[in-house]
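What follows is the content of start_0.cif (mmCIF, C-alpha atoms).
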data_coords
#
loop_
_atom_site.group_PDB
_atom_site.id
_atom_site.type_symbol
_atom_site.label_atom_id
_atom_site.label_comp_id
_atom_site.auth_asym_id
_atom_site.auth_seq_id
_atom_site.Cartn_x
_atom_site.Cartn_y
_atom_site.Cartn_z
ATOM 1 C CA MET A 92 0.000 0.000 0.000
ATOM 2 C CA LYS A 93 1.330 3.402 -0.970
ATOM 3 C CA GLU A 94 1.874 6.029 1.711
ATOM 4 C CA PRO A 95 1.193 9.756 1.182
ATOM 5 C CA LEU A 96 4.242 11.878 0.466
ATOM 6 C CA GLU A 97 5.761 13.743 3.377
ATOM 7 C CA PRO A 98 4.438 17.296 3.889
ATOM 8 C CA HIS A 99 7.734 18.869 2.779
ATOM 9 C CA ALA A 100 7.495 17.033 -0.564
ATOM 10 C CA LEU A 101 3.913 18.188 -1.047
ATOM 11 C CA ASP A 102 5.036 21.731 -0.222
ATOM 12 C CA GLN A 103 7.794 21.581 -2.862
ATOM 13 C CA LEU A 104 5.466 20.212 -5.516
ATOM 14 C CA PHE A 105 2.376 22.293 -4.744
ATOM 15 C CA ARG A 106 1.788 24.364 -1.619
ATOM 16 C CA SER A 107 5.026 26.379 -1.569
ATOM 17 C CA ALA A 108 5.775 26.186 -5.285
ATOM 18 C CA ARG A 109 5.405 29.439 -7.172
ATOM 19 C CA THR A 110 5.366 30.681 -10.742
ATOM 20 C CA PHE A 111 8.724 32.374 -11.232
ATOM 21 C CA ASN A 112 9.329 35.333 -13.526
ATOM 22 C CA ARG A 113 12.981 35.830 -12.511
ATOM 23 C CA PHE A 114 15.727 33.265 -12.177
ATOM 24 C CA THR A 115 19.256 33.154 -10.849
ATOM 25 C CA ASP A 116 22.076 32.810 -13.370
ATOM 26 C CA ARG A 117 22.647 29.178 -12.367
ATOM 27 C CA PRO A 118 22.448 27.141 -15.596
ATOM 28 C CA VAL A 119 20.287 24.075 -16.136
ATOM 29 C CA ASP A 120 22.698 21.437 -17.406
ATOM 30 C CA ASP A 121 22.034 18.617 -19.847
ATOM 31 C CA GLU A 122 21.907 15.966 -17.124
ATOM 32 C CA VAL A 123 19.058 17.805 -15.390
ATOM 33 C CA ILE A 124 17.177 18.232 -18.680
ATOM 34 C CA HIS A 125 17.463 14.499 -19.378
ATOM 35 C CA ALA A 126 16.432 13.638 -15.810
ATOM 36 C CA LEU A 127 13.451 15.958 -16.189
ATOM 37 C CA TYR A 128 12.206 14.100 -19.237
ATOM 38 C CA GLU A 129 12.958 10.672 -17.759
ATOM 39 C CA LEU A 130 10.785 11.494 -14.742
ATOM 40 C CA SER A 131 7.935 13.257 -16.531
ATOM 41 C CA LYS A 132 7.520 10.605 -19.242
ATOM 42 C CA TRP A 133 5.811 8.282 -16.748
ATOM 43 C CA GLY A 134 2.703 10.454 -16.469
ATOM 44 C CA PRO A 135 -0.348 8.750 -17.987
ATOM 45 C CA THR A 136 -1.779 9.646 -21.381
ATOM 46 C CA SER A 137 -4.718 8.251 -23.310
ATOM 47 C CA GLN A 138 -3.687 4.960 -24.970
ATOM 48 C CA ASN A 139 -0.132 5.772 -23.877
ATOM 49 C CA SER A 140 -0.184 8.218 -26.790
ATOM 50 C CA GLN A 141 2.536 10.582 -25.520
ATOM 51 C CA PRO A 142 1.871 13.323 -28.104
ATOM 52 C CA ALA A 143 3.961 16.039 -26.423
ATOM 53 C CA ARG A 144 7.210 17.140 -27.987
ATOM 54 C CA TYR A 145 9.669 19.406 -26.197
ATOM 55 C CA LEU A 146 12.098 21.902 -27.627
ATOM 56 C CA PHE A 147 14.528 23.124 -24.948
ATOM 57 C CA LEU A 148 15.924 26.542 -25.853
ATOM 58 C CA ARG A 149 19.002 27.419 -23.833
ATOM 59 C CA SER A 150 21.231 29.667 -25.933
ATOM 60 C CA ARG A 151 20.415 33.244 -26.830
ATOM 61 C CA GLU A 152 20.696 32.239 -30.476
ATOM 62 C CA SER A 153 18.093 29.508 -30.092
ATOM 63 C CA ARG A 154 15.661 32.016 -28.588
ATOM 64 C CA ALA A 155 16.198 34.756 -31.144
ATOM 65 C CA GLN A 156 13.145 33.712 -33.154
ATOM 66 C CA LEU A 157 11.019 33.178 -30.052
ATOM 67 C CA LEU A 158 11.207 36.666 -28.572
ATOM 68 C CA PRO A 159 9.342 38.446 -31.422
ATOM 69 C CA ALA A 160 6.477 35.965 -31.017
ATOM 70 C CA LEU A 161 5.942 36.848 -27.334
ATOM 71 C CA ILE A 162 3.627 39.477 -25.920
ATOM 72 C CA GLY A 163 5.508 42.355 -24.301
ATOM 73 C CA ALA A 164 5.203 41.132 -20.709
ATOM 74 C CA ASN A 165 6.879 37.825 -21.582
ATOM 75 C CA VAL A 166 9.866 39.126 -23.547
ATOM 76 C CA GLU A 167 12.252 40.206 -20.792
ATOM 77 C CA LYS A 168 11.664 37.265 -18.449
ATOM 78 C CA THR A 169 12.112 34.801 -21.305
ATOM 79 C CA SER A 170 15.227 36.473 -22.662
ATOM 80 C CA VAL A 171 17.007 36.121 -19.300
ATOM 81 C CA ALA A 172 15.647 32.750 -18.148
ATOM 82 C CA PRO A 173 18.270 29.988 -18.201
ATOM 83 C CA LEU A 174 16.026 27.706 -20.262
ATOM 84 C CA THR A 175 12.727 27.936 -22.126
ATOM 85 C CA VAL A 176 10.777 24.879 -23.197
ATOM 86 C CA ILE A 177 8.311 24.911 -26.050
ATOM 87 C CA VAL A 178 5.742 22.252 -25.207
ATOM 88 C CA ALA A 179 4.378 21.167 -28.571
ATOM 89 C CA THR A 180 1.956 18.578 -29.898
ATOM 90 C CA ASP A 181 2.775 15.973 -32.528
ATOM 91 C CA SER A 182 -0.179 15.992 -34.928
ATOM 92 C CA ARG A 183 0.727 12.477 -36.077
ATOM 93 C CA PHE A 184 1.329 11.001 -32.621
ATOM 94 C CA TYR A 185 -0.674 7.936 -33.608
ATOM 95 C CA GLU A 186 2.148 6.727 -35.880
ATOM 96 C CA HIS A 187 3.953 5.618 -32.698
ATOM 97 C CA LEU A 188 0.984 3.767 -31.200
ATOM 98 C CA PRO A 189 1.992 0.275 -32.443
ATOM 99 C CA GLN A 190 5.024 0.450 -30.135
ATOM 100 C CA GLN A 191 3.434 2.389 -27.292
ATOM 101 C CA PHE A 192 -0.012 0.773 -27.303
ATOM 102 C CA PRO A 193 0.344 -2.741 -28.764
ATOM 103 C CA GLY A 194 -3.015 -4.068 -27.517
ATOM 104 C CA TYR A 195 -4.639 -3.309 -30.865
ATOM 105 C CA ASP A 196 -4.041 -1.056 -33.853
ATOM 106 C CA ALA A 197 -5.559 2.273 -32.791
ATOM 107 C CA ARG A 198 -4.106 4.273 -35.679
ATOM 108 C CA ALA A 199 -7.019 3.789 -38.071
ATOM 109 C CA GLY A 200 -9.473 5.595 -35.793
ATOM 110 C CA TYR A 201 -7.282 8.693 -35.683
ATOM 111 C CA ILE A 202 -6.463 8.651 -39.376
ATOM 112 C CA ALA A 203 -10.193 8.433 -40.195
ATOM 113 C CA ASN A 204 -11.104 11.191 -37.722
ATOM 114 C CA PRO A 205 -8.606 14.081 -37.810
ATOM 115 C CA ALA A 206 -10.724 16.170 -35.416
ATOM 116 C CA LEU A 207 -10.503 13.397 -32.813
ATOM 117 C CA ALA A 208 -6.747 13.125 -33.356
ATOM 118 C CA THR A 209 -6.362 16.889 -32.821
ATOM 119 C CA THR A 210 -8.420 16.834 -29.630
ATOM 120 C CA VAL A 211 -6.636 13.807 -28.167
ATOM 121 C CA ALA A 212 -3.229 15.204 -29.077
ATOM 122 C CA PHE A 213 -3.881 18.619 -27.555
ATOM 123 C CA ARG A 214 -5.444 17.266 -24.356
ATOM 124 C CA ASN A 215 -2.718 14.739 -23.691
ATOM 125 C CA ALA A 216 0.192 17.010 -24.645
ATOM 126 C CA SER A 217 -1.228 19.559 -22.200
ATOM 127 C CA LEU A 218 -1.233 16.872 -19.519
ATOM 128 C CA GLN A 219 2.356 16.025 -20.357
ATOM 129 C CA GLY A 220 3.351 19.664 -20.060
ATOM 130 C CA ALA A 221 1.815 19.701 -16.577
ATOM 131 C CA TYR A 222 3.740 16.539 -15.692
ATOM 132 C CA LEU A 223 6.905 18.307 -16.864
ATOM 133 C CA ILE A 224 6.208 21.167 -14.439
ATOM 134 C CA ILE A 225 5.674 18.784 -11.508
ATOM 135 C CA ALA A 226 8.784 16.797 -12.440
ATOM 136 C CA ALA A 227 10.799 20.027 -12.635
ATOM 137 C CA ARG A 228 9.651 21.016 -9.154
ATOM 138 C CA ALA A 229 10.490 17.521 -7.874
ATOM 139 C CA LEU A 230 14.042 17.954 -9.222
ATOM 140 C CA GLY A 231 14.491 21.338 -7.537
ATOM 141 C CA LEU A 232 13.779 23.530 -10.561
ATOM 142 C CA ASP A 233 11.382 26.441 -10.664
ATOM 143 C CA CYS A 234 8.950 27.113 -13.487
ATOM 144 C CA GLY A 235 7.279 29.988 -15.241
ATOM 145 C CA PRO A 236 4.636 28.542 -17.584
ATOM 146 C CA MET A 237 3.243 30.950 -20.175
ATOM 147 C CA SER A 238 0.667 31.522 -22.817
ATOM 148 C CA GLY A 239 0.918 35.000 -24.290
ATOM 149 C CA PHE A 240 2.628 34.265 -27.596
ATOM 150 C CA ASP A 241 1.781 33.961 -31.264
ATOM 151 C CA ASN A 242 1.544 30.226 -31.958
ATOM 152 C CA ALA A 243 1.745 30.708 -35.719
ATOM 153 C CA LYS A 244 5.042 32.614 -35.415
ATOM 154 C CA VAL A 245 6.506 30.025 -33.047
ATOM 155 C CA ASP A 246 5.446 27.174 -35.298
ATOM 156 C CA ALA A 247 6.840 28.892 -38.402
ATOM 157 C CA ALA A 248 10.161 29.508 -36.663
ATOM 158 C CA TYR A 249 10.683 26.165 -34.944
ATOM 159 C CA PHE A 250 8.346 23.630 -36.595
ATOM 160 C CA PRO A 251 8.123 24.747 -40.233
ATOM 161 C CA ASP A 252 7.095 21.343 -41.585
ATOM 162 C CA GLY A 253 3.772 21.697 -39.734
ATOM 163 C CA ARG A 254 3.793 18.361 -37.922
ATOM 164 C CA PHE A 255 4.357 19.848 -34.456
ATOM 165 C CA LYS A 256 2.169 22.624 -33.065
ATOM 166 C CA SER A 257 3.193 24.798 -30.121
ATOM 167 C CA ASN A 258 0.958 24.499 -27.064
ATOM 168 C CA PHE A 259 2.572 26.572 -24.299
ATOM 169 C CA LEU A 260 5.961 27.714 -23.002
ATOM 170 C CA ILE A 261 7.765 27.119 -19.721
ATOM 171 C CA ASN A 262 10.713 29.127 -18.467
ATOM 172 C CA LEU A 263 12.849 26.873 -16.281
ATOM 173 C CA GLY A 264 15.697 27.442 -13.891
ATOM 174 C CA TYR A 265 16.442 28.184 -10.272
ATOM 175 C CA GLY A 266 14.058 30.923 -9.217
ATOM 176 C CA ASP A 267 14.993 34.278 -7.764
ATOM 177 C CA PRO A 268 12.491 34.913 -4.939
ATOM 178 C CA ALA A 269 13.068 38.667 -5.263
ATOM 179 C CA GLY A 270 10.971 38.572 -8.433
ATOM 180 C CA LEU A 271 7.913 36.968 -6.849
ATOM 181 C CA ARG A 272 4.630 38.802 -6.627
ATOM 182 C CA PRO A 273 2.151 38.259 -3.798
ATOM 183 C CA ARG A 274 0.583 34.848 -4.143
ATOM 184 C CA GLY A 275 -2.863 34.752 -5.695
ATOM 185 C CA GLN A 276 -5.727 33.142 -3.846
ATOM 186 C CA ARG A 277 -7.068 29.739 -4.849
ATOM 187 C CA LEU A 278 -10.763 29.069 -5.158
ATOM 188 C CA PRO A 279 -12.284 27.048 -2.317
ATOM 189 C CA PHE A 280 -13.538 23.511 -2.850
ATOM 190 C CA ASP A 281 -17.217 24.455 -2.696
ATOM 191 C CA GLU A 282 -16.864 26.882 -5.600
ATOM 192 C CA VAL A 283 -15.197 24.448 -7.974
ATOM 193 C CA ALA A 284 -16.204 20.941 -6.944
ATOM 194 C CA ARG A 285 -18.962 18.827 -5.526
ATOM 195 C CA ILE A 286 -19.318 15.243 -4.411
ATOM 196 C CA GLU A 287 -22.405 13.322 -5.518
#

Starting from the file, give its structure as structure tokens.
Amino acid sequence: MKEPLEPHALDQLFRSARTFNRFTDRPVDDEVIHALYELSKWGPTSQNSQPARYLFLRSRESRAQLLPALIGANVEKTSVAPLTVIVATDSRFYEHLPQQFPGYDARAGYIANPALATTVAFRNASLQGAYLIIAARALGLDCGPMSGFDNAKVDAAYFPDGRFKSNFLINLGYGDPAGLRPRGQRLPFDEVARIE
């Protein structure tokens, strides 16, 4: 029987974790990036579809095309973050299903229904992006997830063949608490949930 995580672990993952807009200059090295993926990949997806694709932008050169696609409020914090991840969706994720989901051939249903494939891909890639955030926090990283960008510009710059579609961005690194704003309130249970 599994035991609940210790309170300090729950604090690190959720209760004390914050969205960071400023980071220290400590770099995120390749070993941490690989460990981040190796941990996050275990999060469940529909039919083990794993449609998320990640582009880790570390150098200034790699981000040069990203900055013009951002809204103004996201430019500075992204330009100085140690690492920015584009969480994207593979529109043809189902091509990998024979290896990932060998129970039966699920490809035909997605090929015949592109709208279903788009919905499943977007939903599950979004889940995977959330798993990446939790895994990053578990490894001692801080995160600044973002919308606020022009998807078409990002896709043209980084995924010009059209197969991958940008979903959202995450700045990653070791957060600078001096850049934190007051924490926003969370809605209480009774306003967002009910038990029947």

Starting from the displayed file, determine the output of the PyMOL selection byres ((chain A and resi 199) around 12) and express the residue list as a list in words.
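Those residues are Arg183, Tyr185, Glu186, Leu188, Pro189, Tyr195, Asp196, Ala197, Arg198, Gly200, Tyr201, Ile202, Ala203, Asn204, Pro205, Leu207 and Ala208 of chain A.
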
Atom pair CA of Leu218 in chain A + CA of Phe259 in chain A, distance 11.5 Å

Could you tell me how far CA of Phe111 in chain A sits from CA of Gly270 in chain A, in Å to one decimal place?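 CA of Phe111 in chain A lies 7.2 Å from CA of Gly270 in chain A.
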
- Residue with smallest distance to Phe250 in chain A - pool A:Asp181, A:Gly134, A:Arg117, A:Arg106, counting all atoms listed in the file: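 Closest to Phe250 in chain A, using all atoms listed in the file: A:Asp181.
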
Would you kindly return, as a list in words, each protein, DNA or RNA residue with an atom no farther than 10 Å from any atom of Thr169 in chain A, considering all atoms listed in the file and excluding same-chain residues fewer than 4 positions away?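 Non-adjacent residues within range: Asn112, Arg113, Phe114, Arg154, Leu157, Leu158, Leu161, Ala164, Asn165, Pro173, Leu174, Thr175, Gly235, Met237, Leu260, Ile261, Asn262 and Leu263 of chain A.
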
Can you spit out the residues from that selection as a compact mmCIF listing (two decimals), in the frame of the given file, using C-alpha atoms?
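Wrote again.txt, looks like this:
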# COMPACT_ATOMS: atom_id res chain seq x y z
CA ASN A 112 9.33 35.33 -13.53
CA ARG A 113 12.98 35.83 -12.51
CA PHE A 114 15.73 33.26 -12.18
CA ARG A 154 15.66 32.02 -28.59
CA LEU A 157 11.02 33.18 -30.05
CA LEU A 158 11.21 36.67 -28.57
CA LEU A 161 5.94 36.85 -27.33
CA ALA A 164 5.20 41.13 -20.71
CA ASN A 165 6.88 37.83 -21.58
CA PRO A 173 18.27 29.99 -18.20
CA LEU A 174 16.03 27.71 -20.26
CA THR A 175 12.73 27.94 -22.13
CA GLY A 235 7.28 29.99 -15.24
CA MET A 237 3.24 30.95 -20.18
CA LEU A 260 5.96 27.71 -23.00
CA ILE A 261 7.76 27.12 -19.72
CA ASN A 262 10.71 29.13 -18.47
CA LEU A 263 12.85 26.87 -16.28

So which residues touch His187 in chain A within 10 Å, counting only C-alpha atoms, skipping near sequence neighbours fewer than 6 positions away, as a PyMOL selection string?
chain A and resi 139-142+193+198

Return as lines of an AutoDock Vina configuration file the box centre and box size in Å, one decimal, for an axis-aligned box around all listed atoms of range 221-229 of chain A padded by 4 Å per side.
center_x = 6.3
center_y = 18.9
center_z = -12.4
size_x = 17.0
size_y = 12.6
size_z = 17.0

**Polymer residues at most 12 Å from Pro159 in chain A, all atoms listed in the file, same-chain spacing of 5 or more positions, as JSON, numbers by chain** = {"A": [154, 164, 165, 166, 167, 169, 170, 239, 240, 241, 242, 243, 244, 245, 248]}

Grab the residues selected above and save them as a PDB file, in the coordinates of the input with C-alpha atoms.
ATOM      1  CA  ARG A 154      15.661  32.016 -28.588  1.00  0.00           C
ATOM      2  CA  ALA A 164       5.203  41.132 -20.709  1.00  0.00           C
ATOM      3  CA  ASN A 165       6.879  37.825 -21.582  1.00  0.00           C
ATOM      4  CA  VAL A 166       9.866  39.126 -23.547  1.00  0.00           C
ATOM      5  CA  GLU A 167      12.252  40.206 -20.792  1.00  0.00           C
ATOM      6  CA  THR A 169      12.112  34.801 -21.305  1.00  0.00           C
ATOM      7  CA  SER A 170      15.227  36.473 -22.662  1.00  0.00           C
ATOM      8  CA  GLY A 239       0.918  35.000 -24.290  1.00  0.00           C
ATOM      9  CA  PHE A 240       2.628  34.265 -27.596  1.00  0.00           C
ATOM     10  CA  ASP A 241       1.781  33.961 -31.264  1.00  0.00           C
ATOM     11  CA  ASN A 242       1.544  30.226 -31.958  1.00  0.00           C
ATOM     12  CA  ALA A 243       1.745  30.708 -35.719  1.00  0.00           C
ATOM     13  CA  LYS A 244       5.042  32.614 -35.415  1.00  0.00           C
ATOM     14  CA  VAL A 245       6.506  30.025 -33.047  1.00  0.00           C
ATOM     15  CA  ALA A 248      10.161  29.508 -36.663  1.00  0.00           C
TER      16      ALA A 248
END

Quiz item: Suppose you want the space between CA of Val171 in chain A and CA of Arg254 in chain A; what is it in Å?
Solution: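 So the answer is 28.9 Å.
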
Take the PyMOL selection byres ((chain A and resi 131) around 6), apply it to the structure above, and return the hits as number ranges by chain.
-> A: 128-130, 132-134, 222-223, 226

message = Restricting the calculation to only C-alpha atoms: of A:Glu287, A:Arg144, A:Gly264, A:Pro135, which residue gets closest to Asp233 in chain A?
response =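 Of A:Glu287, A:Arg144, A:Gly264, A:Pro135, the one nearest Asp233 in chain A is A:Gly264, counting only C-alpha atoms.
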
field: Shell of 12 Å around Ala100 in chain A, all atoms listed in the file, local chain residues under 3 positions omitted, as number ranges by chain
entry: A: 95-97, 103-108, 225-226, 228-231

For Asp252 in chain A, the nearest of the candidates A:Ser182, A:Pro273, A:Leu278, A:Ile162, counting only C-alpha atoms: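 So, comparing all the options, the nearest one is A:Ser182.
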
Just checking: using all atoms listed in the file, which residue out of A:Arg214, A:Arg285, A:Arg272, A:Arg277 ends up closest to Asn258 in chain A?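 Using all atoms listed in the file, Asn258 in chain A sits closest to A:Arg214.
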
| request: Please write as a PyMOL selection string the full residue list that the PyMOL selection byres ((chain A and resi 143) around 8) yields on this file. | output: chain A and resi 141-142+144-145+178-181+212+215-217+219-220

Please write N, CA and C atoms of range 155-171 of chain A, from the structure given just now, as a PDB file, in the first residue's frame.
ATOM      1  N   ALA A 155      16.314  33.525 -30.351  1.00  0.00           N
ATOM      2  CA  ALA A 155      16.198  34.756 -31.144  1.00  0.00           C
ATOM      3  C   ALA A 155      14.878  34.837 -31.898  1.00  0.00           C
ATOM      4  N   GLN A 156      14.402  33.712 -32.401  1.00  0.00           N
ATOM      5  CA  GLN A 156      13.145  33.712 -33.154  1.00  0.00           C
ATOM      6  C   GLN A 156      11.917  33.649 -32.245  1.00  0.00           C
ATOM      7  N   LEU A 157      12.135  33.284 -30.984  1.00  0.00           N
ATOM      8  CA  LEU A 157      11.019  33.178 -30.052  1.00  0.00           C
ATOM      9  C   LEU A 157      10.581  34.547 -29.543  1.00  0.00           C
ATOM     10  N   LEU A 158      11.525  35.395 -29.220  1.00  0.00           N
ATOM     11  CA  LEU A 158      11.207  36.666 -28.572  1.00  0.00           C
ATOM     12  C   LEU A 158      10.213  37.520 -29.361  1.00  0.00           C
ATOM     13  N   PRO A 159      10.325  37.640 -30.692  1.00  0.00           N
ATOM     14  CA  PRO A 159       9.342  38.446 -31.422  1.00  0.00           C
ATOM     15  C   PRO A 159       7.925  37.864 -31.407  1.00  0.00           C
ATOM     16  N   ALA A 160       7.797  36.597 -31.063  1.00  0.00           N
ATOM     17  CA  ALA A 160       6.477  35.965 -31.017  1.00  0.00           C
ATOM     18  C   ALA A 160       5.775  36.165 -29.673  1.00  0.00           C
ATOM     19  N   LEU A 161       6.503  36.700 -28.678  1.00  0.00           N
ATOM     20  CA  LEU A 161       5.942  36.848 -27.334  1.00  0.00           C
ATOM     21  C   LEU A 161       5.224  38.176 -27.160  1.00  0.00           C
ATOM     22  N   ILE A 162       4.206  38.195 -26.299  1.00  0.00           N
ATOM     23  CA  ILE A 162       3.627  39.477 -25.920  1.00  0.00           C
ATOM     24  C   ILE A 162       4.666  40.223 -25.073  1.00  0.00           C
ATOM     25  N   GLY A 163       4.506  41.518 -24.967  1.00  0.00           N
ATOM     26  CA  GLY A 163       5.508  42.355 -24.301  1.00  0.00           C
ATOM     27  C   GLY A 163       5.897  41.905 -22.907  1.00  0.00           C
ATOM     28  N   ALA A 164       4.924  41.506 -22.098  1.00  0.00           N
ATOM     29  CA  ALA A 164       5.203  41.132 -20.709  1.00  0.00           C
ATOM     30  C   ALA A 164       6.063  39.872 -20.593  1.00  0.00           C
ATOM     31  N   ASN A 165       6.123  39.079 -21.648  1.00  0.00           N
ATOM     32  CA  ASN A 165       6.879  37.825 -21.582  1.00  0.00           C
ATOM     33  C   ASN A 165       8.281  37.911 -22.182  1.00  0.00           C
ATOM     34  N   VAL A 166       8.588  39.026 -22.833  1.00  0.00           N
ATOM     35  CA  VAL A 166       9.866  39.126 -23.547  1.00  0.00           C
ATOM     36  C   VAL A 166      11.055  39.137 -22.595  1.00  0.00           C
ATOM     37  N   GLU A 167      11.070  40.066 -21.649  1.00  0.00           N
ATOM     38  CA  GLU A 167      12.252  40.206 -20.792  1.00  0.00           C
ATOM     39  C   GLU A 167      12.498  38.954 -19.965  1.00  0.00           C
ATOM     40  N   LYS A 168      11.456  38.425 -19.317  1.00  0.00           N
ATOM     41  CA  LYS A 168      11.664  37.265 -18.449  1.00  0.00           C
ATOM     42  C   LYS A 168      12.115  36.047 -19.237  1.00  0.00           C
ATOM     43  N   THR A 169      11.684  35.930 -20.483  1.00  0.00           N
ATOM     44  CA  THR A 169      12.112  34.801 -21.305  1.00  0.00           C
ATOM     45  C   THR A 169      13.526  35.008 -21.820  1.00  0.00           C
ATOM     46  N   SER A 170      13.889  36.224 -22.126  1.00  0.00           N
ATOM     47  CA  SER A 170      15.227  36.473 -22.662  1.00  0.00           C
ATOM     48  C   SER A 170      16.320  36.232 -21.626  1.00  0.00           C
ATOM     49  N   VAL A 171      15.991  36.330 -20.334  1.00  0.00           N
ATOM     50  CA  VAL A 171      17.007  36.121 -19.300  1.00  0.00           C
ATOM     51  C   VAL A 171      16.866  34.799 -18.555  1.00  0.00           C
TER      52      VAL A 171
END
